[in-house]
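Content type mmCIF, C-alpha atoms, from the file run30.cif:
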data_final
#
loop_
_atom_site.group_PDB
_atom_site.id
_atom_site.type_symbol
_atom_site.label_atom_id
_atom_site.label_comp_id
_atom_site.auth_asym_id
_atom_site.auth_seq_id
_atom_site.Cartn_x
_atom_site.Cartn_y
_atom_site.Cartn_z
ATOM 1 C CA GLY A 38 82.858 -35.379 33.119
ATOM 2 C CA PHE A 39 86.547 -35.787 32.388
ATOM 3 C CA GLY A 40 86.683 -39.048 34.368
ATOM 4 C CA TRP A 41 83.986 -40.465 32.079
ATOM 5 C CA LEU A 42 85.919 -39.190 29.078
ATOM 6 C CA ALA A 43 89.091 -40.941 30.279
ATOM 7 C CA LEU A 44 87.109 -44.156 30.760
ATOM 8 C CA ALA A 45 85.626 -43.805 27.267
ATOM 9 C CA VAL A 46 89.121 -43.413 25.795
ATOM 10 C CA CYS A 47 90.286 -46.603 27.552
ATOM 11 C CA VAL A 48 87.251 -48.577 26.360
ATOM 12 C CA ALA A 49 87.649 -47.139 22.856
ATOM 13 C CA GLY A 50 91.284 -48.247 22.814
ATOM 14 C CA LEU A 51 90.273 -51.797 23.715
ATOM 15 C CA VAL A 52 87.572 -51.839 21.050
ATOM 16 C CA ARG A 53 89.958 -50.423 18.445
ATOM 17 C CA GLY A 54 92.521 -53.065 19.355
ATOM 18 C CA PHE A 55 90.056 -55.902 18.828
ATOM 19 C CA THR A 56 88.121 -54.568 15.831
ATOM 20 C CA GLY A 57 90.345 -52.010 14.132
ATOM 21 C CA PHE A 58 87.659 -49.320 14.345
ATOM 22 C CA GLY A 59 85.004 -47.876 16.647
ATOM 23 C CA THR A 60 87.016 -45.315 18.553
ATOM 24 C CA ALA A 61 84.883 -42.346 17.500
ATOM 25 C CA MET A 62 81.636 -44.205 18.141
ATOM 26 C CA ILE A 63 82.666 -44.611 21.783
ATOM 27 C CA ILE A 64 84.564 -41.381 22.450
ATOM 28 C CA MET A 65 82.351 -38.849 20.666
ATOM 29 C CA PRO A 66 79.083 -39.336 22.605
ATOM 30 C CA VAL A 67 81.004 -38.815 25.850
ATOM 31 C CA ALA A 68 83.230 -36.039 24.489
ATOM 32 C CA SER A 69 80.180 -34.182 23.167
ATOM 33 C CA SER A 70 78.760 -34.059 26.687
ATOM 34 C CA VAL A 71 81.997 -32.713 28.199
ATOM 35 C CA LEU A 72 83.556 -30.521 25.495
ATOM 36 C CA ASN A 73 82.283 -28.040 22.941
ATOM 37 C CA PRO A 74 81.943 -29.463 19.394
ATOM 38 C CA VAL A 75 85.262 -28.194 18.016
ATOM 39 C CA ALA A 76 87.197 -29.246 21.124
ATOM 40 C CA ALA A 77 85.542 -32.683 21.037
ATOM 41 C CA LEU A 78 86.596 -33.168 17.426
ATOM 42 C CA ILE A 79 90.161 -32.004 18.103
ATOM 43 C CA PHE A 80 90.320 -34.287 21.154
ATOM 44 C CA LEU A 81 89.178 -37.280 19.102
ATOM 45 C CA VAL A 82 91.641 -36.713 16.276
ATOM 46 C CA THR A 83 94.633 -36.146 18.538
ATOM 47 C CA SER A 84 93.818 -39.086 20.805
ATOM 48 C CA ASP A 85 93.142 -41.437 17.889
ATOM 49 C CA LEU A 86 95.984 -40.548 15.542
ATOM 50 C CA LEU A 87 99.127 -41.851 17.241
ATOM 51 C CA GLY A 88 97.991 -45.279 18.460
ATOM 52 C CA PRO A 89 97.647 -47.002 15.068
ATOM 53 C CA LEU A 90 100.911 -45.596 13.599
ATOM 54 C CA PRO A 91 103.060 -48.615 14.568
ATOM 55 C CA ASN A 92 100.642 -50.875 12.660
ATOM 56 C CA LEU A 93 100.738 -48.820 9.456
ATOM 57 C CA PRO A 94 103.784 -50.441 7.756
ATOM 58 C CA GLY A 95 102.320 -53.930 8.182
ATOM 59 C CA ALA A 96 98.857 -52.806 7.176
ATOM 60 C CA LEU A 97 100.068 -51.237 3.955
ATOM 61 C CA ARG A 98 101.190 -54.684 2.776
ATOM 62 C CA TYR A 99 97.583 -55.903 2.830
ATOM 63 C CA ALA A 100 95.654 -52.689 2.182
ATOM 64 C CA ASP A 101 94.203 -51.612 -1.131
ATOM 65 C CA ARG A 102 96.304 -48.464 -1.474
ATOM 66 C CA ARG A 103 94.286 -47.191 -4.443
ATOM 67 C CA ASP A 104 91.151 -47.400 -2.332
ATOM 68 C CA ILE A 105 92.852 -45.508 0.503
ATOM 69 C CA VAL A 106 93.674 -42.729 -1.964
ATOM 70 C CA ARG A 107 90.110 -42.746 -3.351
ATOM 71 C CA LEU A 108 88.643 -42.679 0.147
ATOM 72 C CA GLY A 109 91.009 -39.858 1.111
ATOM 73 C CA LEU A 110 90.105 -37.782 -1.943
ATOM 74 C CA GLY A 111 86.425 -38.274 -1.178
ATOM 75 C CA ALA A 112 86.992 -37.330 2.452
ATOM 76 C CA LEU A 113 88.860 -34.220 1.380
ATOM 77 C CA ILE A 114 85.751 -33.169 -0.560
ATOM 78 C CA GLY A 115 83.329 -33.937 2.290
ATOM 79 C CA LEU A 116 85.373 -32.634 5.240
ATOM 80 C CA PRO A 117 85.038 -28.882 4.598
ATOM 81 C CA ALA A 118 81.253 -29.161 4.291
ATOM 82 C CA GLY A 119 81.137 -31.188 7.498
ATOM 83 C CA VAL A 120 83.252 -28.634 9.356
ATOM 84 C CA MET A 121 80.935 -25.865 8.119
ATOM 85 C CA LEU A 122 77.992 -27.817 9.564
ATOM 86 C CA LEU A 123 79.900 -28.332 12.815
ATOM 87 C CA ARG A 124 80.514 -24.621 13.182
ATOM 88 C CA GLN A 125 76.751 -23.958 12.897
ATOM 89 C CA MET A 126 75.711 -26.438 15.624
ATOM 90 C CA SER A 127 75.116 -25.577 19.229
ATOM 91 C CA ASP A 128 76.706 -27.816 21.848
ATOM 92 C CA GLN A 129 73.387 -29.488 22.601
ATOM 93 C CA VAL A 130 72.491 -30.112 18.945
ATOM 94 C CA PHE A 131 75.992 -31.506 18.390
ATOM 95 C CA ALA A 132 75.598 -33.955 21.288
ATOM 96 C CA TRP A 133 72.257 -35.167 19.911
ATOM 97 C CA VAL A 134 73.557 -35.452 16.336
ATOM 98 C CA VAL A 135 76.562 -37.493 17.483
ATOM 99 C CA SER A 136 74.483 -39.782 19.681
ATOM 100 C CA LEU A 137 71.818 -40.389 17.019
ATOM 101 C CA LEU A 138 74.450 -41.015 14.323
ATOM 102 C CA VAL A 139 76.244 -43.537 16.555
ATOM 103 C CA LEU A 140 72.950 -45.318 17.223
ATOM 104 C CA ALA A 141 71.994 -45.348 13.525
ATOM 105 C CA LEU A 142 75.419 -46.591 12.456
ATOM 106 C CA LEU A 143 75.410 -49.288 15.126
ATOM 107 C CA VAL A 144 71.999 -50.519 13.940
ATOM 108 C CA ALA A 145 73.265 -50.495 10.348
ATOM 109 C CA LEU A 146 76.357 -52.528 11.278
ATOM 110 C CA ILE A 147 74.309 -55.037 13.290
ATOM 111 C CA SER A 148 71.711 -55.415 10.524
ATOM 112 C CA GLY A 149 74.007 -57.724 8.554
ATOM 113 C CA TRP A 150 73.593 -55.802 5.297
ATOM 114 C CA ARG A 151 75.918 -57.025 2.547
ATOM 115 C CA TRP A 152 77.240 -55.201 -0.530
ATOM 116 C CA ARG A 153 77.106 -57.647 -3.434
ATOM 117 C CA GLY A 154 78.245 -55.328 -6.224
ATOM 118 C CA PRO A 155 81.730 -54.368 -7.331
ATOM 119 C CA MET A 156 83.761 -51.902 -5.279
ATOM 120 C CA THR A 157 83.938 -49.292 -8.043
ATOM 121 C CA ALA A 158 86.091 -46.174 -7.812
ATOM 122 C CA PRO A 159 83.030 -43.835 -7.649
ATOM 123 C CA LEU A 160 81.461 -45.947 -4.873
ATOM 124 C CA VAL A 161 84.667 -45.903 -2.842
ATOM 125 C CA ALA A 162 85.256 -42.159 -3.375
ATOM 126 C CA GLY A 163 81.592 -41.391 -2.586
ATOM 127 C CA THR A 164 81.820 -43.397 0.632
ATOM 128 C CA GLY A 165 84.969 -41.455 1.514
ATOM 129 C CA ALA A 166 83.083 -38.195 0.852
ATOM 130 C CA LEU A 167 80.257 -39.310 3.165
ATOM 131 C CA GLY A 168 82.868 -40.251 5.749
ATOM 132 C CA GLY A 169 84.478 -36.827 5.356
ATOM 133 C CA LEU A 170 81.132 -35.059 5.733
ATOM 134 C CA LEU A 171 80.260 -37.030 8.862
ATOM 135 C CA GLY A 172 83.819 -36.695 10.163
ATOM 136 C CA GLY A 173 83.825 -32.947 9.820
ATOM 137 C CA ALA A 174 80.356 -32.563 11.336
ATOM 138 C CA SER A 175 80.560 -35.155 14.108
ATOM 139 C CA GLY A 176 83.961 -36.872 14.214
ATOM 140 C CA LEU A 177 82.430 -40.060 12.789
ATOM 141 C CA ALA A 178 84.464 -40.381 9.588
ATOM 142 C CA GLY A 179 85.011 -44.121 9.883
ATOM 143 C CA PRO A 180 81.623 -45.821 10.125
ATOM 144 C CA PRO A 181 80.442 -45.356 6.515
ATOM 145 C CA VAL A 182 83.751 -46.715 5.183
ATOM 146 C CA VAL A 183 83.936 -49.498 7.754
ATOM 147 C CA MET A 184 80.342 -50.466 6.995
ATOM 148 C CA LEU A 185 80.950 -50.646 3.238
ATOM 149 C CA TYR A 186 84.113 -52.709 3.597
ATOM 150 C CA MET A 187 82.704 -55.021 6.269
ATOM 151 C CA ALA A 188 79.679 -55.603 4.036
ATOM 152 C CA SER A 189 81.927 -56.515 1.098
ATOM 153 C CA THR A 190 83.271 -59.937 0.224
ATOM 154 C CA LEU A 191 86.894 -58.814 0.615
ATOM 155 C CA PRO A 192 89.204 -60.769 2.949
ATOM 156 C CA ALA A 193 89.244 -59.574 6.562
ATOM 157 C CA SER A 194 92.950 -58.717 6.430
ATOM 158 C CA ARG A 195 92.410 -56.385 3.457
ATOM 159 C CA ILE A 196 89.356 -54.773 5.090
ATOM 160 C CA ARG A 197 91.166 -54.106 8.358
ATOM 161 C CA ALA A 198 94.321 -52.825 6.642
ATOM 162 C CA THR A 199 92.423 -50.532 4.257
ATOM 163 C CA ASP A 200 90.307 -49.188 7.123
ATOM 164 C CA LEU A 201 93.434 -48.466 9.175
ATOM 165 C CA GLY A 202 95.042 -46.604 6.282
ATOM 166 C CA TYR A 203 91.873 -44.585 5.657
ATOM 167 C CA LEU A 204 91.379 -43.703 9.319
ATOM 168 C CA LEU A 205 94.954 -42.458 9.658
ATOM 169 C CA LEU A 206 94.695 -40.472 6.428
ATOM 170 C CA VAL A 207 91.365 -38.913 7.368
ATOM 171 C CA GLY A 208 92.767 -37.995 10.788
ATOM 172 C CA VAL A 209 95.601 -36.094 9.130
ATOM 173 C CA LEU A 210 93.139 -34.456 6.716
ATOM 174 C CA MET A 211 90.879 -33.447 9.619
ATOM 175 C CA ILE A 212 93.773 -31.667 11.311
ATOM 176 C CA GLY A 213 94.480 -29.798 8.081
ATOM 177 C CA VAL A 214 90.870 -28.830 7.471
#
Output the file's structure in the form of structure tokens.
Amino acid sequence: GFGWLALAVCVAGLVRGFTGFGTAMIIMPVASSVLNPVAALIFLVTSDLLGPLPNLPGALRYADRRDIVRLGLGALIGLPAGVMLLRQMSDQVFAWVVSLLVLALLVALISGWRWRGPMTAPLVAGTGALGGLLGGASGLAGPPVVMLYMASTLPASRIRATDLGYLLLVGVLMIGV
């Protein structure tokens, strides 16, 4: 299974390079079939943390730094609960949860849903908390945040930069938690 995992990491790197996100949605279904849940999560975080670092200084020029902080605070609230859920799951349940979440999030992204309202502080922090919960339980911290920002009317450069900042911050938080 490790050959498939290596292939998934390469594909995830290509996808991340083109889109700015999606690494976990590609790596975690494969990692969950090869590694136990905790090892899969640690593998994802360590393999996904260093690659975007060179882009961080440039991204911070375009990112909404206040939103990154709000998302991070929300994630910090959701992460411990997600990790508690992770610790209760068997390997098989974890693999199914990850795969079904990836499928559901992919359908949601493809649906074309748009957020027409304002990006309020509670909405952003709540989305970060959902990302933290899903990140701690399945490694999928990015999709709720990516979905909200991609559905917004914000410029693409701000969306991509804010997502990059959030994903790096949540990776660091996941290591801590």
Care to translate the PyMOL selection byres ((chain A and resi 63) around 8) into actual residues of this file, as an mmCIF file with C-alpha atoms, in the frame of the given file?
data_model
loop_
_atom_site.group_PDB
_atom_site.id
_atom_site.type_symbol
_atom_site.label_atom_id
_atom_site.label_comp_id
_atom_site.auth_asym_id
_atom_site.auth_seq_id
_atom_site.Cartn_x
_atom_site.Cartn_y
_atom_site.Cartn_z
ATOM 1 C CA ALA A 45 85.626 -43.805 27.267
ATOM 2 C CA VAL A 46 89.121 -43.413 25.795
ATOM 3 C CA VAL A 48 87.251 -48.577 26.360
ATOM 4 C CA ALA A 49 87.649 -47.139 22.856
ATOM 5 C CA GLY A 59 85.004 -47.876 16.647
ATOM 6 C CA THR A 60 87.016 -45.315 18.553
ATOM 7 C CA ALA A 61 84.883 -42.346 17.500
ATOM 8 C CA MET A 62 81.636 -44.205 18.141
ATOM 9 C CA ILE A 64 84.564 -41.381 22.450
ATOM 10 C CA MET A 65 82.351 -38.849 20.666
ATOM 11 C CA PRO A 66 79.083 -39.336 22.605
ATOM 12 C CA VAL A 67 81.004 -38.815 25.850
#
Can you spell out as a ChimeraX atom specification the set of residues that the PyMOL selection byres ((chain A and resi 196) around 9) selects in the structure I just provided? /A:99-101,183,186-187,189,191-195,197-201
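Shortest separation to Asn92 in chain A among A:Ala174, A:Val182, A:Met211, A:Leu205 occurs at residue A:Leu205, atoms counted being only C-alpha atoms.
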Please enumerate the residues selected by the PyMOL selection byres ((chain A and resi 71) around 9) when evaluated against the supplied file, formatted as a ChimeraX atom specification. /A:38-39,41-42,67-70,72-73,77
Excluding range 112-117 of chain A and its own-chain neighbours fewer than 5 positions away, which residues fall within 12 Å of it when counting all atoms listed in the file? Please give them as JSON, numbers by chain. {"A": [104, 105, 106, 107, 122, 123, 124, 161, 162, 163, 164, 165, 166, 167, 168, 169, 170, 171, 172, 173, 174, 175, 176, 177, 178, 179, 181, 182, 203, 204, 205, 206, 207, 208, 209, 210, 211, 212, 213, 214]}
As a list in words, please: the residues near Gln125 in chain A (cut-off 10 Å, all atoms listed in the file, same-chain neighbours under 4 positions excluded).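 With the cut-off at 10 Å, the set is Pro74, Val120, Met121, Val130, Phe131 and Ala174 of chain A.
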Please return as JSON, numbers by chain every residue within 12 Å of (99.6, -47.7, 16.0), taking into account all atoms listed in the file and the file's own coordinates. {"A": [50, 53, 54, 57, 84, 85, 86, 87, 88, 89, 90, 91, 92, 93, 94, 95, 96, 198, 201, 202, 204, 205]}
Serialized selection, C-alpha atoms, as an mmCIF file, in the frame of the given file:
data_model
loop_
_atom_site.group_PDB
_atom_site.id
_atom_site.type_symbol
_atom_site.label_atom_id
_atom_site.label_comp_id
_atom_site.auth_asym_id
_atom_site.auth_seq_id
_atom_site.Cartn_x
_atom_site.Cartn_y
_atom_site.Cartn_z
ATOM 1 C CA GLY A 50 91.284 -48.247 22.814
ATOM 2 C CA ARG A 53 89.958 -50.423 18.445
ATOM 3 C CA GLY A 54 92.521 -53.065 19.355
ATOM 4 C CA GLY A 57 90.345 -52.010 14.132
ATOM 5 C CA SER A 84 93.818 -39.086 20.805
ATOM 6 C CA ASP A 85 93.142 -41.437 17.889
ATOM 7 C CA LEU A 86 95.984 -40.548 15.542
ATOM 8 C CA LEU A 87 99.127 -41.851 17.241
ATOM 9 C CA GLY A 88 97.991 -45.279 18.460
ATOM 10 C CA PRO A 89 97.647 -47.002 15.068
ATOM 11 C CA LEU A 90 100.911 -45.596 13.599
ATOM 12 C CA PRO A 91 103.060 -48.615 14.568
ATOM 13 C CA ASN A 92 100.642 -50.875 12.660
ATOM 14 C CA LEU A 93 100.738 -48.820 9.456
ATOM 15 C CA PRO A 94 103.784 -50.441 7.756
ATOM 16 C CA GLY A 95 102.320 -53.930 8.182
ATOM 17 C CA ALA A 96 98.857 -52.806 7.176
ATOM 18 C CA ALA A 198 94.321 -52.825 6.642
ATOM 19 C CA LEU A 201 93.434 -48.466 9.175
ATOM 20 C CA GLY A 202 95.042 -46.604 6.282
ATOM 21 C CA LEU A 204 91.379 -43.703 9.319
ATOM 22 C CA LEU A 205 94.954 -42.458 9.658
#
With a distance cut-off of 10 Å and all atoms listed in the file, select the neighbouring residues of Trp150 in chain A, excluding the residue or stretch itself and same-chain residues fewer than 4 positions from it, and output the selection as a VMD selection string. chain A and resid 145 to 146 184 to 185 187 to 189
Would you work out the distance separating CA of Leu97 in chain A from CA of Phe58 in chain A, expressed in Å to one decimal?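 Distance between the two atoms: 16.3 Å.
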Counting all atoms listed in the file, which of A:Pro180, A:Val52, A:Arg102, A:Pro159 gets nearest to Val139 in chain A? A:Pro180
Can you work out the spacing between CA of Gly149 in chain A and CA of Thr190 in chain A in Å, to one decimal?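 Separation of CA of Gly149 in chain A and CA of Thr190 in chain A: 12.7 Å.
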Separation of CA of Leu78 in chain A and CA of Leu44 in chain A, in Å?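 Result for CA of Leu78 in chain A versus CA of Leu44 in chain A: 17.3 Å, one decimal.
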